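> Structure supplied as data_11.cif; contents: mmCIF, C-alpha atoms.
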data_query
loop_
_atom_site.group_PDB
_atom_site.id
_atom_site.type_symbol
_atom_site.label_atom_id
_atom_site.label_comp_id
_atom_site.auth_asym_id
_atom_site.auth_seq_id
_atom_site.Cartn_x
_atom_site.Cartn_y
_atom_site.Cartn_z
ATOM 1 C CA MET A 1 84.067 131.585 58.889
ATOM 2 C CA SER A 2 82.409 132.318 55.586
ATOM 3 C CA LEU A 3 78.833 133.165 54.715
ATOM 4 C CA SER A 4 77.022 132.295 51.492
ATOM 5 C CA THR A 5 73.494 132.518 50.115
ATOM 6 C CA HIS A 6 71.449 131.036 47.291
ATOM 7 C CA VAL A 7 68.259 132.667 45.992
ATOM 8 C CA LEU A 8 65.754 130.424 44.223
ATOM 9 C CA ASP A 9 62.868 132.044 42.357
ATOM 10 C CA THR A 10 59.860 129.836 43.140
ATOM 11 C CA MET A 11 57.597 131.794 40.782
ATOM 12 C CA HIS A 12 59.659 130.785 37.758
ATOM 13 C CA GLY A 13 61.340 127.653 39.136
ATOM 14 C CA SER A 14 64.768 129.090 38.430
ATOM 15 C CA PRO A 15 67.772 130.643 40.174
ATOM 16 C CA GLY A 16 67.253 134.192 41.406
ATOM 17 C CA ALA A 17 69.976 135.808 39.303
ATOM 18 C CA GLY A 18 70.696 139.499 39.812
ATOM 19 C CA VAL A 19 69.165 139.928 43.278
ATOM 20 C CA GLU A 20 70.797 142.682 45.322
ATOM 21 C CA VAL A 21 71.830 141.463 48.791
ATOM 22 C CA LYS A 22 73.102 143.483 51.741
ATOM 23 C CA LEU A 23 74.720 142.140 54.920
ATOM 24 C CA SER A 24 74.570 144.218 58.121
ATOM 25 C CA ARG A 25 75.697 143.638 61.702
ATOM 26 C CA ARG A 26 74.021 144.983 64.822
ATOM 27 C CA ALA A 27 76.138 147.603 66.550
ATOM 28 C CA SER A 28 74.472 148.642 69.816
ATOM 29 C CA ASP A 29 71.052 150.043 68.841
ATOM 30 C CA ASP A 30 71.837 150.406 65.144
ATOM 31 C CA TRP A 31 72.920 148.311 62.154
ATOM 32 C CA LYS A 32 76.282 148.697 60.423
ATOM 33 C CA ASP A 33 76.532 147.756 56.747
ATOM 34 C CA VAL A 34 79.182 145.073 56.271
ATOM 35 C CA TRP A 35 78.875 144.105 52.617
ATOM 36 C CA ALA A 36 76.646 144.343 49.534
ATOM 37 C CA GLY A 37 76.558 142.380 46.297
ATOM 38 C CA ILE A 38 74.434 140.772 43.580
ATOM 39 C CA THR A 39 73.613 137.097 43.061
ATOM 40 C CA ASP A 40 75.294 135.422 40.093
ATOM 41 C CA GLY A 41 73.613 133.580 37.215
ATOM 42 C CA ASP A 42 73.002 130.588 39.478
ATOM 43 C CA GLY A 43 71.370 132.796 42.146
ATOM 44 C CA ARG A 44 74.376 132.453 44.455
ATOM 45 C CA ILE A 45 76.781 134.619 46.340
ATOM 46 C CA ARG A 46 79.507 132.251 47.449
ATOM 47 C CA GLU A 47 81.364 134.629 49.774
ATOM 48 C CA LEU A 48 79.396 137.347 51.561
ATOM 49 C CA GLY A 49 81.345 139.880 53.544
ATOM 50 C CA PRO A 50 84.681 139.416 55.231
ATOM 51 C CA ALA A 51 86.462 136.066 55.403
ATOM 52 C CA ARG A 52 85.607 135.846 59.101
ATOM 53 C CA LEU A 53 82.465 137.019 60.861
ATOM 54 C CA GLU A 54 82.622 137.660 64.569
ATOM 55 C CA PRO A 55 79.853 136.371 66.844
ATOM 56 C CA GLY A 56 76.873 138.714 66.904
ATOM 57 C CA GLU A 57 73.533 139.484 65.302
ATOM 58 C CA TYR A 58 73.454 139.834 61.515
ATOM 59 C CA LYS A 59 70.845 140.736 58.922
ATOM 60 C CA LEU A 60 70.620 139.860 55.238
ATOM 61 C CA GLU A 61 68.387 142.047 53.053
ATOM 62 C CA PHE A 62 67.254 140.729 49.668
ATOM 63 C CA ALA A 63 65.873 143.341 47.238
ATOM 64 C CA ALA A 64 62.848 141.443 45.921
ATOM 65 C CA ALA A 65 60.964 144.386 44.358
ATOM 66 C CA PRO A 66 63.568 145.333 41.728
ATOM 67 C CA TYR A 67 64.106 141.662 40.897
ATOM 68 C CA PHE A 68 60.418 140.914 40.229
ATOM 69 C CA GLU A 69 59.857 144.264 38.462
ATOM 70 C CA ARG A 70 62.006 142.869 35.635
ATOM 71 C CA PHE A 71 59.190 140.371 35.032
ATOM 72 C CA GLY A 72 56.416 142.963 35.324
ATOM 73 C CA VAL A 73 55.365 141.676 38.752
ATOM 74 C CA LYS A 74 54.935 143.752 41.910
ATOM 75 C CA ALA A 75 56.373 142.091 45.020
ATOM 76 C CA PHE A 76 54.204 142.144 48.151
ATOM 77 C CA PHE A 77 57.442 141.861 50.177
ATOM 78 C CA PRO A 78 59.702 144.477 48.540
ATOM 79 C CA VAL A 79 62.652 143.671 50.806
ATOM 80 C CA VAL A 80 63.106 140.290 52.463
ATOM 81 C CA MET A 81 65.020 140.640 55.735
ATOM 82 C CA VAL A 82 66.550 137.591 57.372
ATOM 83 C CA SER A 83 68.251 138.075 60.731
ATOM 84 C CA PHE A 84 70.387 135.465 62.431
ATOM 85 C CA GLN A 85 72.579 135.121 65.498
ATOM 86 C CA LEU A 86 76.119 133.741 65.571
ATOM 87 C CA ASP A 87 77.007 132.675 69.096
ATOM 88 C CA GLU A 88 80.405 131.277 68.199
ATOM 89 C CA ALA A 89 82.725 130.958 65.249
ATOM 90 C CA VAL A 90 81.930 128.192 62.757
ATOM 91 C CA ASP A 91 83.572 127.233 59.465
ATOM 92 C CA HIS A 92 80.663 128.153 57.218
ATOM 93 C CA VAL A 93 77.106 129.496 57.296
ATOM 94 C CA HIS A 94 74.773 129.147 54.305
ATOM 95 C CA VAL A 95 71.449 131.015 54.222
ATOM 96 C CA PRO A 96 69.278 130.039 51.224
ATOM 97 C CA VAL A 97 66.113 131.951 50.338
ATOM 98 C CA LEU A 98 63.217 130.632 48.254
ATOM 99 C CA LEU A 99 61.611 133.766 46.873
ATOM 100 C CA SER A 100 58.294 134.599 45.217
ATOM 101 C CA PRO A 101 56.445 137.916 44.868
ATOM 102 C CA TYR A 102 54.045 136.897 47.659
ATOM 103 C CA GLY A 103 56.192 134.952 50.090
ATOM 104 C CA TYR A 104 59.561 133.560 51.000
ATOM 105 C CA THR A 105 61.152 130.716 52.915
ATOM 106 C CA THR A 106 64.585 130.536 54.469
ATOM 107 C CA TYR A 107 66.563 128.099 56.556
ATOM 108 C CA LYS A 108 70.075 127.439 57.821
ATOM 109 C CA GLY A 109 71.756 125.435 55.106
ATOM 110 C CA VAL A 110 75.015 123.524 55.091
#
As structure tokens, how would this structure be written, given the file I've shared?

Amino acid sequence: MSLSTHVLDTMHGSPGAGVEVKLSRRASDDWKDVWAGITDGDGRIRELGPARLEPGEYKLEFAAAPYFERFGVKAFFPVVMVSFQLDEAVDHVHVPVLLSPYGYTTYKGV
């Protein structure tokens, strides 16, 4: 199974290029970092983490504050955290995020 994301900057109507993203997996009562990276010029990370993710609870963290600081804007949500549950193996999971300094939207993509 592979995991990907796409960040769209709804303030500027453009891809969210250069957003730091971290993937973590719940391990008992704590979170274990699995992978970290930065979105490309199109706002995408095509392969997050290992080639196969085991079933479990995961969390994506998008560093919104440093991204919007480049435009002189303070983000109300400095870090956007999106958690999701994988109950079984699937071929691909895509988690897009529409991001602005004052809000965000996410959904399970295809």
> On this structure, the PyMOL selection byres ((chain A and resi 39) around 9) would catch which residues? List them as a ChimeraX atom specification, sorted by chain and number.
/A:5-7,16-21,37-38,40-46
> Could you expand the PyMOL selection byres ((chain A and resi 27-31) around 9) into the explicit residues it covers here, written as number ranges by chain?
A: 24-26, 32-33, 56-59
> Using the selection just defined, write its residues with C-alpha atoms as a PDB file, in the coordinates of the input.

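File again-v9.pdb, as written:
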ATOM      1  CA  SER A  24      74.570 144.218  58.121  1.00  0.00           C
ATOM      2  CA  ARG A  25      75.697 143.638  61.702  1.00  0.00           C
ATOM      3  CA  ARG A  26      74.021 144.983  64.822  1.00  0.00           C
ATOM      4  CA  LYS A  32      76.282 148.697  60.423  1.00  0.00           C
ATOM      5  CA  ASP A  33      76.532 147.756  56.747  1.00  0.00           C
ATOM      6  CA  GLY A  56      76.873 138.714  66.904  1.00  0.00           C
ATOM      7  CA  GLU A  57      73.533 139.484  65.302  1.00  0.00           C
ATOM      8  CA  TYR A  58      73.454 139.834  61.515  1.00  0.00           C
ATOM      9  CA  LYS A  59      70.845 140.736  58.922  1.00  0.00           C
TER      10      LYS A  59
END
> What's around Val90 (chain A) at 10 Å? Count only C-alpha atoms, leave out sequence neighbours fewer than 5 positions away in its own chain, and write the answer as a PDB file with C-alpha atoms, in the frame of the given file.

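Once everything was written out, this is out.pdb:
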ATOM      1  CA  MET A   1      84.067 131.585  58.889  1.00  0.00           C
ATOM      2  CA  SER A   2      82.409 132.318  55.586  1.00  0.00           C
ATOM      3  CA  LEU A   3      78.833 133.165  54.715  1.00  0.00           C
ATOM      4  CA  ARG A  52      85.607 135.846  59.101  1.00  0.00           C
ATOM      5  CA  LEU A  53      82.465 137.019  60.861  1.00  0.00           C
ATOM      6  CA  GLU A  54      82.622 137.660  64.569  1.00  0.00           C
ATOM      7  CA  PRO A  55      79.853 136.371  66.844  1.00  0.00           C
TER       8      PRO A  55
END
> May I ask which of the residues A:Ser4, A:Asp9, A:Ala51, A:Ala36 is the closest one to Ala89 (chain A), counting all atoms listed in the file?
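Among A:Ser4, A:Asp9, A:Ala51, A:Ala36, it is A:Ala51 that comes nearest to Ala89 (chain A).
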> Using Å and a single decimal, report how far CA of Asp91 (chain A) sits from CA of Val79 (chain A).
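About the pair CA of Val79 (chain A) and CA of Asp91 (chain A): they are 28.0 Å apart.
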> What residues have an atom no more than 12 Å from (60.1, 130.9, 52.9) in the file's own frame, counting all atoms listed in the file, and can you write them as a ChimeraX atom specification?
/A:7-10,77,80-82,95-108
> For Pro66 (chain A), which residue out of A:Trp35, A:Pro78, A:Gln85, A:Gly109 is the nearest one, using all atoms listed in the file?
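Selected residue with least distance to Pro66 (chain A): A:Pro78.
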> For Glu61 (chain A), which residue among A:His94, A:Lys22, A:Ala75, A:Leu86 is the nearest when counting only C-alpha atoms?
A:Lys22
> Rounded to one decimal, what separation in Å do you get between CA of His12 (chain A) and CA of Val110 (chain A)?
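Between CA of His12 (chain A) and CA of Val110 (chain A) the gap works out to 24.3 Å.
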> Can you take the partial region 70-91 of chain A, add N, CA and C atoms, and return it as a PDB file, keeping the file's coordinate frame?

ATOM      1  N   ARG A  70      61.474 143.254  36.953  1.00  0.00           N
ATOM      2  CA  ARG A  70      62.006 142.869  35.635  1.00  0.00           C
ATOM      3  C   ARG A  70      61.042 141.961  34.884  1.00  0.00           C
ATOM      4  N   PHE A  71      60.170 141.284  35.632  1.00  0.00           N
ATOM      5  CA  PHE A  71      59.190 140.371  35.032  1.00  0.00           C
ATOM      6  C   PHE A  71      57.795 140.993  34.993  1.00  0.00           C
ATOM      7  N   GLY A  72      57.703 142.280  35.329  1.00  0.00           N
ATOM      8  CA  GLY A  72      56.416 142.963  35.324  1.00  0.00           C
ATOM      9  C   GLY A  72      55.521 142.578  36.484  1.00  0.00           C
ATOM     10  N   VAL A  73      56.122 142.136  37.587  1.00  0.00           N
ATOM     11  CA  VAL A  73      55.365 141.676  38.752  1.00  0.00           C
ATOM     12  C   VAL A  73      55.725 142.550  39.953  1.00  0.00           C
ATOM     13  N   LYS A  74      54.705 142.975  40.694  1.00  0.00           N
ATOM     14  CA  LYS A  74      54.935 143.752  41.910  1.00  0.00           C
ATOM     15  C   LYS A  74      55.059 142.801  43.097  1.00  0.00           C
ATOM     16  N   ALA A  75      56.133 142.949  43.858  1.00  0.00           N
ATOM     17  CA  ALA A  75      56.373 142.091  45.020  1.00  0.00           C
ATOM     18  C   ALA A  75      55.626 142.629  46.240  1.00  0.00           C
ATOM     19  N   PHE A  76      54.878 141.766  46.909  1.00  0.00           N
ATOM     20  CA  PHE A  76      54.204 142.144  48.151  1.00  0.00           C
ATOM     21  C   PHE A  76      55.233 142.425  49.247  1.00  0.00           C
ATOM     22  N   PHE A  77      56.325 141.658  49.249  1.00  0.00           N
ATOM     23  CA  PHE A  77      57.442 141.861  50.177  1.00  0.00           C
ATOM     24  C   PHE A  77      58.584 142.502  49.382  1.00  0.00           C
ATOM     25  N   PRO A  78      58.694 143.830  49.373  1.00  0.00           N
ATOM     26  CA  PRO A  78      59.702 144.477  48.540  1.00  0.00           C
ATOM     27  C   PRO A  78      61.137 144.175  48.973  1.00  0.00           C
ATOM     28  N   VAL A  79      61.338 144.030  50.272  1.00  0.00           N
ATOM     29  CA  VAL A  79      62.652 143.671  50.806  1.00  0.00           C
ATOM     30  C   VAL A  79      62.455 142.523  51.778  1.00  0.00           C
ATOM     31  N   VAL A  80      63.159 141.435  51.554  1.00  0.00           N
ATOM     32  CA  VAL A  80      63.106 140.290  52.463  1.00  0.00           C
ATOM     33  C   VAL A  80      64.284 140.415  53.422  1.00  0.00           C
ATOM     34  N   MET A  81      63.977 140.510  54.722  1.00  0.00           N
ATOM     35  CA  MET A  81      65.020 140.640  55.735  1.00  0.00           C
ATOM     36  C   MET A  81      65.105 139.356  56.545  1.00  0.00           C
ATOM     37  N   VAL A  82      66.302 138.819  56.622  1.00  0.00           N
ATOM     38  CA  VAL A  82      66.550 137.591  57.372  1.00  0.00           C
ATOM     39  C   VAL A  82      67.621 137.906  58.408  1.00  0.00           C
ATOM     40  N   SER A  83      67.254 137.833  59.686  1.00  0.00           N
ATOM     41  CA  SER A  83      68.251 138.075  60.731  1.00  0.00           C
ATOM     42  C   SER A  83      68.643 136.750  61.365  1.00  0.00           C
ATOM     43  N   PHE A  84      69.892 136.686  61.803  1.00  0.00           N
ATOM     44  CA  PHE A  84      70.387 135.465  62.431  1.00  0.00           C
ATOM     45  C   PHE A  84      71.460 135.820  63.447  1.00  0.00           C
ATOM     46  N   GLN A  85      71.654 134.921  64.387  1.00  0.00           N
ATOM     47  CA  GLN A  85      72.579 135.121  65.498  1.00  0.00           C
ATOM     48  C   GLN A  85      73.722 134.120  65.401  1.00  0.00           C
ATOM     49  N   LEU A  86      74.945 134.608  65.496  1.00  0.00           N
ATOM     50  CA  LEU A  86      76.119 133.741  65.571  1.00  0.00           C
ATOM     51  C   LEU A  86      76.651 133.811  66.995  1.00  0.00           C
ATOM     52  N   ASP A  87      76.546 132.704  67.711  1.00  0.00           N
ATOM     53  CA  ASP A  87      77.007 132.675  69.096  1.00  0.00           C
ATOM     54  C   ASP A  87      78.479 132.316  69.215  1.00  0.00           C
ATOM     55  N   GLU A  88      78.993 131.658  68.192  1.00  0.00           N
ATOM     56  CA  GLU A  88      80.405 131.277  68.199  1.00  0.00           C
ATOM     57  C   GLU A  88      80.874 131.139  66.758  1.00  0.00           C
ATOM     58  N   ALA A  89      82.164 131.100  66.589  1.00  0.00           N
ATOM     59  CA  ALA A  89      82.725 130.958  65.249  1.00  0.00           C
ATOM     60  C   ALA A  89      82.461 129.550  64.717  1.00  0.00           C
ATOM     61  N   VAL A  90      82.097 129.469  63.454  1.00  0.00           N
ATOM     62  CA  VAL A  90      81.930 128.192  62.757  1.00  0.00           C
ATOM     63  C   VAL A  90      82.621 128.329  61.407  1.00  0.00           C
ATOM     64  N   ASP A  91      82.857 127.194  60.739  1.00  0.00           N
ATOM     65  CA  ASP A  91      83.572 127.233  59.465  1.00  0.00           C
ATOM     66  C   ASP A  91      82.769 127.880  58.351  1.00  0.00           C
TER      67      ASP A  91
END
